[in-house]
Amino acid sequence: MIRRILAAYLVELTKYSRLFSPWFGPAFVLLSVAAAVYAHPIARDGSSDLDFVGYAVPASLNLIGFLMLLIYSAGLVAGEVERGTARTVLVQPLHRSEFLAAKFLNAMSYAILLTLLATLAAWALAAALGEVTGIEFGGELIYTTQEMNTAFALALLLNFVPYMTGAAYAVMVSTLTRRSATAVAATVGGWLIVEYAKHALRLDRFIFSTYLDQSWIVFSDRCKGLDTPFFPGAAIGLAVCAVWFALFVTIAFVAMHRRNFGP
């Protein structure tokens, strides 16, 4: 089973890497990081520019990048159904669950790609135009470079959990629809509606997307010399994301087993 999933996953990567549209996401993320220089200037002035990294990475990942992740993931299953290739693939010795697992791995890989590009681009700009050192105030070292690097890695990891949950949400919607355009519209539209309504209904703490920026707030505070902890707030975010991720995956697999791929 695992061998078949991995084989299907490699086919997924090869197929989608040859398409033109998936590369819009990485391009927009890189452009967003570059544009962040104008909103948050970098200079070699003896002060750490890790605050730029803490600004550019979530600014590029959690808006433009997240939108592109939703669009990409929403077309993974619905696109196969719309083109009729899903019926052809499932005639082969590939179970529906294995087919869907490969789609989930594809979406997660895209999330990793966007995350890595935003991170590397932000660090490269900060290192080239400024300084990526520890945090000092008044000549006193508040956080060492190693401590800030560790805090950044933790913030990135905590950000990736709701990021993956968003990918799972998009794949679930894609599994429930038959056309790519419908899947993309439902995925993005549903996300926007929830983002607009969750604060008004005071449900934001129960929605996974709320925790996209939570870890970056802590990292930004560290860049200002504040001793803001990641936990226990991060633990709540992880629990909320775990529940939603499990729900999205379960619905997707149930729908995949029940649906009819006929015309």
# chains A, B, ... in the order shown; residues from 1 in each chain; ligands from 1
>>> residues_around(residues="Phe104 of chain A", least_positions_apart="4", cutoff="8 Å", atoms="only C-alpha atoms", output="list in words")
Leu100, Met108, Ala167, Ala168 and Val171 of chain A
>>> residues_around(residues="segment 42-53 of chain A", least_positions_apart="4", cutoff="7 Å", atoms="only C-alpha atoms", output="PyMOL selection string")
chain A and resi 37+57+122-123+126+129-135+220+223
>>> write_last_selection(atoms="N, CA and C atoms", output="short mmCIF file (atom, residue, chain, number, x, y, z; two decimals), in the first residue's frame")
data_model
loop_
_atom_site.label_atom_id
_atom_site.label_comp_id
_atom_site.auth_asym_id
_atom_site.auth_seq_id
_atom_site.Cartn_x
_atom_site.Cartn_y
_atom_site.Cartn_z
N VAL A 37 10.41 44.59 1.53
CA VAL A 37 11.54 45.49 1.79
C VAL A 37 11.08 46.94 1.81
N VAL A 57 8.11 36.85 6.20
CA VAL A 57 7.68 35.46 6.04
C VAL A 57 6.18 35.29 6.25
N ALA A 122 13.49 35.58 2.51
CA ALA A 122 13.53 36.59 3.57
C ALA A 122 14.90 36.60 4.27
N TRP A 123 15.44 35.43 4.57
CA TRP A 123 16.75 35.36 5.21
C TRP A 123 17.84 35.87 4.29
N ALA A 126 17.63 39.69 4.26
CA ALA A 126 18.08 40.25 5.54
C ALA A 126 19.59 40.13 5.70
N LEU A 129 21.30 42.62 2.87
CA LEU A 129 21.10 44.07 3.03
C LEU A 129 21.23 44.56 4.46
N GLY A 130 21.15 43.62 5.40
CA GLY A 130 21.21 44.02 6.81
C GLY A 130 22.02 43.04 7.62
N GLU A 131 21.56 42.75 8.83
CA GLU A 131 22.29 41.88 9.75
C GLU A 131 21.31 40.94 10.44
N VAL A 132 21.68 39.68 10.51
CA VAL A 132 20.83 38.68 11.17
C VAL A 132 21.56 38.21 12.42
N THR A 133 21.54 39.04 13.42
CA THR A 133 22.25 38.77 14.67
C THR A 133 21.25 38.74 15.82
N GLY A 134 21.77 38.60 17.03
CA GLY A 134 20.92 38.61 18.21
C GLY A 134 20.31 39.98 18.46
N ILE A 135 19.46 40.04 19.45
CA ILE A 135 18.73 41.28 19.77
C ILE A 135 19.43 42.01 20.91
N SER A 220 7.88 38.35 16.75
CA SER A 220 8.04 39.79 16.61
C SER A 220 8.30 40.45 17.97
N CYS A 223 11.82 39.99 18.83
CA CYS A 223 12.66 40.93 18.10
C CYS A 223 12.68 42.30 18.77
#
>>> select_by_dssp(residues="segment 81-258 of chain A", states="strand (DSSP E or B)", output="PyMOL selection string")
chain A and resi 135-137+140-143
>>> closest_atom_pairs(of="segment 83-174 of chain A", to="segment 184-192 of chain A", cutoff="10 Å", atoms="only C-alpha atoms", output="JSON lines")
{"residue": "A:Gly166", "atom": "CA", "partner": "A:Trp191", "partner_atom": "CA", "distance": 9.1}
{"residue": "A:Tyr169", "atom": "CA", "partner": "A:Thr187", "partner_atom": "CA", "distance": 7.7}
{"residue": "A:Ala170", "atom": "CA", "partner": "A:Thr187", "partner_atom": "CA", "distance": 5.8}
{"residue": "A:Val171", "atom": "CA", "partner": "A:Thr187", "partner_atom": "CA", "distance": 9.0}
{"residue": "A:Met172", "atom": "CA", "partner": "A:Thr187", "partner_atom": "CA", "distance": 9.1}
{"residue": "A:Val173", "atom": "CA", "partner": "A:Thr187", "partner_atom": "CA", "distance": 6.3}
{"residue": "A:Ser174", "atom": "CA", "partner": "A:Val184", "partner_atom": "CA", "distance": 7.8}
>>> select_by_dssp(residues="segment 90-234 of chain A", states="helix (DSSP H, G or I)", output="PyMOL selection string")
chain A and resi 90-91+96-129+145-176+180-200+204-206+208-212+214-223+233-234
>>> residues_around(residues="Val161 of chain A", least_positions_apart="6", cutoff="10 Å", atoms="only C-alpha atoms", output="number ranges by chain")
A: 208-209, 211-212, 237-238, 241-242, 245
>>> write_last_selection(atoms="C-alpha atoms", output="PDB file, in the first residue's frame")
ATOM      1  CA  PHE A 208      -7.675  26.918  12.537  1.00  0.00           C
ATOM      2  CA  SER A 209      -6.767  29.907  10.348  1.00  0.00           C
ATOM      3  CA  TYR A 211      -3.443  30.504  14.444  1.00  0.00           C
ATOM      4  CA  LEU A 212      -1.566  31.281  11.232  1.00  0.00           C
ATOM      5  CA  GLY A 237      -3.620  26.328  18.356  1.00  0.00           C
ATOM      6  CA  LEU A 238      -2.112  22.889  17.769  1.00  0.00           C
ATOM      7  CA  CYS A 241      -5.688  22.528  14.061  1.00  0.00           C
ATOM      8  CA  ALA A 242      -5.441  18.809  14.859  1.00  0.00           C
ATOM      9  CA  PHE A 245      -7.243  18.458  10.106  1.00  0.00           C
TER      10      PHE A 245
END
>>> residues_around(residues="Ile207 of chain A", least_positions_apart="3", cutoff="9 Å", atoms="only C-alpha atoms", output="PDB file with C-alpha atoms, in the first residue's frame")
ATOM      1  CA  VAL A 194     -15.275  32.289   7.740  1.00  0.00           C
ATOM      2  CA  GLU A 195     -12.501  34.891   8.057  1.00  0.00           C
ATOM      3  CA  LYS A 198     -15.424  34.377  12.910  1.00  0.00           C
ATOM      4  CA  LEU A 203     -15.589  31.932  17.095  1.00  0.00           C
ATOM      5  CA  ASP A 204     -12.069  32.897  16.068  1.00  0.00           C
ATOM      6  CA  THR A 210      -6.694  32.150  13.418  1.00  0.00           C
ATOM      7  CA  TYR A 211      -3.443  30.504  14.444  1.00  0.00           C
ATOM      8  CA  GLY A 237      -3.620  26.328  18.356  1.00  0.00           C
ATOM      9  CA  VAL A 240      -7.615  23.221  17.261  1.00  0.00           C
ATOM     10  CA  CYS A 241      -5.688  22.528  14.061  1.00  0.00           C
ATOM     11  CA  TRP A 244      -9.921  20.384  11.997  1.00  0.00           C
TER      12      TRP A 244
END
>>> atom_distance(atom1="atom CA of Arg202 of chain A", atom2="atom CA of Thr182 of chain A")
28.9 Å
>>> residues_around(residues="Val33 of chain A", least_positions_apart="6", cutoff="10 Å", atoms="only C-alpha atoms", output="JSON, numbers by chain")
{"A": [52, 53, 55, 56, 57, 58, 59, 60, 61, 117, 118, 119, 120, 121, 122, 123, 125]}
>>> closest_atom_pairs(of="segment 36-80 of chain A", to="segment 9-17 of chain A", cutoff="12 Å", atoms="only C-alpha atoms", output="Markdown table")
| residue | atom | partner | partner_atom | distance |
| --- | --- | --- | --- | --- |
| A:Tyr72 | CA | A:Tyr16 | CA | 10.0 |
| A:Ser73 | CA | A:Tyr16 | CA | 11.3 |
| A:Gly75 | CA | A:Tyr16 | CA | 11.1 |
| A:Leu76 | CA | A:Glu12 | CA | 9.4 |
| A:Val77 | CA | A:Glu12 | CA | 11.3 |
| A:Gly79 | CA | A:Tyr16 | CA | 11.7 |
| A:Glu80 | CA | A:Glu12 | CA | 11.2 |
>>> write_last_selection(atoms="N, CA, C and O atoms", output="tab-separated table (two decimals), in the first residue's frame")
chain	number	residue	atom	x	y	z
A	72	TYR	N	-4.39	25.92	-5.48
A	72	TYR	CA	-3.69	24.75	-6.01
A	72	TYR	C	-4.31	23.45	-5.49
A	72	TYR	O	-4.62	22.54	-6.26
A	73	SER	N	-4.51	23.37	-4.18
A	73	SER	CA	-5.01	22.14	-3.57
A	73	SER	C	-6.46	21.85	-3.96
A	73	SER	O	-6.86	20.69	-4.06
A	75	GLY	N	-7.83	22.17	-6.76
A	75	GLY	CA	-7.97	21.57	-8.09
A	75	GLY	C	-7.42	20.17	-8.21
A	75	GLY	O	-7.54	19.55	-9.27
A	76	LEU	N	-6.86	19.62	-7.16
A	76	LEU	CA	-6.15	18.35	-7.27
A	76	LEU	C	-7.06	17.18	-7.58
A	76	LEU	O	-6.75	16.35	-8.45
A	77	VAL	N	-8.18	17.07	-6.88
A	77	VAL	CA	-9.10	15.96	-7.12
A	77	VAL	C	-10.17	16.35	-8.14
A	77	VAL	O	-10.44	15.60	-9.09
A	79	GLY	N	-10.05	18.45	-10.48
A	79	GLY	CA	-9.48	18.53	-11.83
A	79	GLY	C	-9.39	17.17	-12.49
A	79	GLY	O	-9.66	17.03	-13.69
A	80	GLU	N	-9.04	16.17	-11.71
A	80	GLU	CA	-8.96	14.80	-12.26
A	80	GLU	C	-10.34	14.27	-12.64
A	80	GLU	O	-10.51	13.59	-13.65
>>> residues_around(residues="Glu98 of chain A", least_positions_apart="2", cutoff="8 Å", atoms="only C-alpha atoms", output="mmCIF file with N, CA, C and O atoms, in the first residue's frame")
data_model
loop_
_atom_site.group_PDB
_atom_site.id
_atom_site.type_symbol
_atom_site.label_atom_id
_atom_site.label_comp_id
_atom_site.auth_asym_id
_atom_site.auth_seq_id
_atom_site.Cartn_x
_atom_site.Cartn_y
_atom_site.Cartn_z
ATOM 1 N N MET A 1 0.827 -1.210 0.000
ATOM 2 C CA MET A 1 0.000 0.000 0.000
ATOM 3 C C MET A 1 0.865 1.266 0.000
ATOM 4 O O MET A 1 0.658 2.186 -0.793
ATOM 5 N N ARG A 4 2.523 1.814 -3.296
ATOM 6 C CA ARG A 4 1.624 2.336 -4.333
ATOM 7 C C ARG A 4 1.347 3.826 -4.109
ATOM 8 O O ARG A 4 1.248 4.605 -5.055
ATOM 9 N N ILE A 5 1.202 4.212 -2.832
ATOM 10 C CA ILE A 5 0.970 5.634 -2.526
ATOM 11 C C ILE A 5 2.175 6.463 -2.950
ATOM 12 O O ILE A 5 2.029 7.529 -3.577
ATOM 13 N N ALA A 8 2.275 6.744 -6.725
ATOM 14 C CA ALA A 8 1.274 7.708 -7.187
ATOM 15 C C ALA A 8 1.685 9.136 -6.853
ATOM 16 O O ALA A 8 1.473 10.068 -7.634
ATOM 17 N N LEU A 94 -4.932 0.754 -8.041
ATOM 18 C CA LEU A 94 -4.723 1.849 -7.102
ATOM 19 C C LEU A 94 -6.047 2.119 -6.407
ATOM 20 O O LEU A 94 -7.034 2.499 -7.048
ATOM 21 N N HIS A 95 -6.098 1.881 -5.122
ATOM 22 C CA HIS A 95 -7.327 2.075 -4.376
ATOM 23 C C HIS A 95 -7.663 3.550 -4.259
ATOM 24 O O HIS A 95 -6.788 4.416 -4.361
ATOM 25 N N ARG A 96 -8.913 3.839 -4.011
ATOM 26 C CA ARG A 96 -9.338 5.237 -3.881
ATOM 27 C C ARG A 96 -8.628 5.939 -2.732
ATOM 28 O O ARG A 96 -8.268 7.104 -2.844
ATOM 29 N N LEU A 100 -6.258 9.287 -3.046
ATOM 30 C CA LEU A 100 -6.479 10.501 -2.264
ATOM 31 C C LEU A 100 -5.278 10.809 -1.378
ATOM 32 O O LEU A 100 -4.913 11.984 -1.203
ATOM 33 N N ALA A 101 -4.641 9.771 -0.826
ATOM 34 C CA ALA A 101 -3.453 9.991 -0.001
ATOM 35 C C ALA A 101 -2.349 10.667 -0.805
ATOM 36 O O ALA A 101 -1.655 11.563 -0.305
ATOM 37 N N ALA A 102 -2.197 10.265 -2.063
ATOM 38 C CA ALA A 102 -1.202 10.898 -2.933
ATOM 39 C C ALA A 102 -1.547 12.363 -3.170
ATOM 40 O O ALA A 102 -0.654 13.222 -3.249
#
>>> residues_around(residues="His257 of chain A", least_positions_apart="2", cutoff="10 Å", atoms="only C-alpha atoms", output="MDAnalysis selection string")
chainID A and resid 95:97 100 252:255 259:260
>>> decode(residues="segment 41-65 of chain A", atoms="N, CA and C atoms", output="PDB file, in the first residue's frame")
ATOM      1  N   PRO A  41      11.906  48.462   5.680  1.00  0.00           N
ATOM      2  CA  PRO A  41      13.265  48.634   5.151  1.00  0.00           C
ATOM      3  C   PRO A  41      14.329  47.913   5.977  1.00  0.00           C
ATOM      4  N   ILE A  42      15.405  47.526   5.279  1.00  0.00           N
ATOM      5  CA  ILE A  42      16.550  46.865   5.899  1.00  0.00           C
ATOM      6  C   ILE A  42      17.764  47.772   5.739  1.00  0.00           C
ATOM      7  N   ALA A  43      18.606  47.835   6.761  1.00  0.00           N
ATOM      8  CA  ALA A  43      19.809  48.665   6.679  1.00  0.00           C
ATOM      9  C   ALA A  43      20.899  48.082   7.563  1.00  0.00           C
ATOM     10  N   ARG A  44      22.157  48.281   7.160  1.00  0.00           N
ATOM     11  CA  ARG A  44      23.303  47.861   7.979  1.00  0.00           C
ATOM     12  C   ARG A  44      23.609  48.978   8.976  1.00  0.00           C
ATOM     13  N   ASP A  45      22.867  48.979  10.060  1.00  0.00           N
ATOM     14  CA  ASP A  45      22.993  50.048  11.048  1.00  0.00           C
ATOM     15  C   ASP A  45      23.400  49.531  12.417  1.00  0.00           C
ATOM     16  N   GLY A  46      23.881  48.293  12.451  1.00  0.00           N
ATOM     17  CA  GLY A  46      24.299  47.719  13.727  1.00  0.00           C
ATOM     18  C   GLY A  46      23.192  47.036  14.499  1.00  0.00           C
ATOM     19  N   SER A  47      21.971  47.130  14.016  1.00  0.00           N
ATOM     20  CA  SER A  47      20.827  46.488  14.674  1.00  0.00           C
ATOM     21  C   SER A  47      20.402  45.254  13.884  1.00  0.00           C
ATOM     22  N   SER A  48      19.874  44.273  14.569  1.00  0.00           N
ATOM     23  CA  SER A  48      19.426  43.044  13.919  1.00  0.00           C
ATOM     24  C   SER A  48      18.226  43.313  13.008  1.00  0.00           C
ATOM     25  N   ASP A  49      18.226  42.648  11.873  1.00  0.00           N
ATOM     26  CA  ASP A  49      17.099  42.758  10.937  1.00  0.00           C
ATOM     27  C   ASP A  49      16.246  41.504  10.937  1.00  0.00           C
ATOM     28  N   LEU A  50      16.301  40.750  12.030  1.00  0.00           N
ATOM     29  CA  LEU A  50      15.428  39.582  12.145  1.00  0.00           C
ATOM     30  C   LEU A  50      13.964  39.993  12.213  1.00  0.00           C
ATOM     31  N   ASP A  51      13.709  41.246  12.624  1.00  0.00           N
ATOM     32  CA  ASP A  51      12.327  41.713  12.624  1.00  0.00           C
ATOM     33  C   ASP A  51      11.776  41.786  11.203  1.00  0.00           C
ATOM     34  N   PHE A  52      12.652  42.032  10.215  1.00  0.00           N
ATOM     35  CA  PHE A  52      12.210  41.986   8.814  1.00  0.00           C
ATOM     36  C   PHE A  52      11.810  40.569   8.435  1.00  0.00           C
ATOM     37  N   VAL A  53      12.625  39.595   8.838  1.00  0.00           N
ATOM     38  CA  VAL A  53      12.302  38.191   8.539  1.00  0.00           C
ATOM     39  C   VAL A  53      10.972  37.818   9.178  1.00  0.00           C
ATOM     40  N   GLY A  54      10.773  38.256  10.424  1.00  0.00           N
ATOM     41  CA  GLY A  54       9.521  37.971  11.126  1.00  0.00           C
ATOM     42  C   GLY A  54       8.329  38.680  10.530  1.00  0.00           C
ATOM     43  N   TYR A  55       8.583  39.723   9.759  1.00  0.00           N
ATOM     44  CA  TYR A  55       7.494  40.421   9.060  1.00  0.00           C
ATOM     45  C   TYR A  55       7.252  39.840   7.667  1.00  0.00           C
ATOM     46  N   ALA A  56       8.328  39.604   6.920  1.00  0.00           N
ATOM     47  CA  ALA A  56       8.201  39.194   5.513  1.00  0.00           C
ATOM     48  C   ALA A  56       7.664  37.776   5.350  1.00  0.00           C
ATOM     49  N   VAL A  57       8.108  36.855   6.203  1.00  0.00           N
ATOM     50  CA  VAL A  57       7.685  35.456   6.044  1.00  0.00           C
ATOM     51  C   VAL A  57       6.178  35.295   6.248  1.00  0.00           C
ATOM     52  N   PRO A  58       5.596  35.729   7.378  1.00  0.00           N
ATOM     53  CA  PRO A  58       4.138  35.580   7.510  1.00  0.00           C
ATOM     54  C   PRO A  58       3.357  36.456   6.541  1.00  0.00           C
ATOM     55  N   ALA A  59       3.893  37.633   6.187  1.00  0.00           N
ATOM     56  CA  ALA A  59       3.180  38.504   5.257  1.00  0.00           C
ATOM     57  C   ALA A  59       3.046  37.856   3.884  1.00  0.00           C
ATOM     58  N   SER A  60       4.070  37.114   3.468  1.00  0.00           N
ATOM     59  CA  SER A  60       4.019  36.457   2.158  1.00  0.00           C
ATOM     60  C   SER A  60       3.315  35.103   2.215  1.00  0.00           C
ATOM     61  N   LEU A  61       3.482  34.390   3.319  1.00  0.00           N
ATOM     62  CA  LEU A  61       2.927  33.038   3.423  1.00  0.00           C
ATOM     63  C   LEU A  61       1.444  33.024   3.769  1.00  0.00           C
ATOM     64  N   ASN A  62       1.035  33.850   4.710  1.00  0.00           N
ATOM     65  CA  ASN A  62      -0.282  33.703   5.316  1.00  0.00           C
ATOM     66  C   ASN A  62      -1.390  34.483   4.617  1.00  0.00           C
ATOM     67  N   LEU A  63      -1.064  35.169   3.542  1.00  0.00           N
ATOM     68  CA  LEU A  63      -2.093  35.828   2.746  1.00  0.00           C
ATOM     69  C   LEU A  63      -2.004  35.365   1.300  1.00  0.00           C
ATOM     70  N   ILE A  64      -1.044  35.892   0.550  1.00  0.00           N
ATOM     71  CA  ILE A  64      -0.874  35.488  -0.840  1.00  0.00           C
ATOM     72  C   ILE A  64      -0.543  34.005  -0.938  1.00  0.00           C
ATOM     73  N   GLY A  65       0.428  33.564  -0.135  1.00  0.00           N
ATOM     74  CA  GLY A  65       0.823  32.163  -0.185  1.00  0.00           C
ATOM     75  C   GLY A  65      -0.305  31.220   0.190  1.00  0.00           C
TER      76      GLY A  65
END
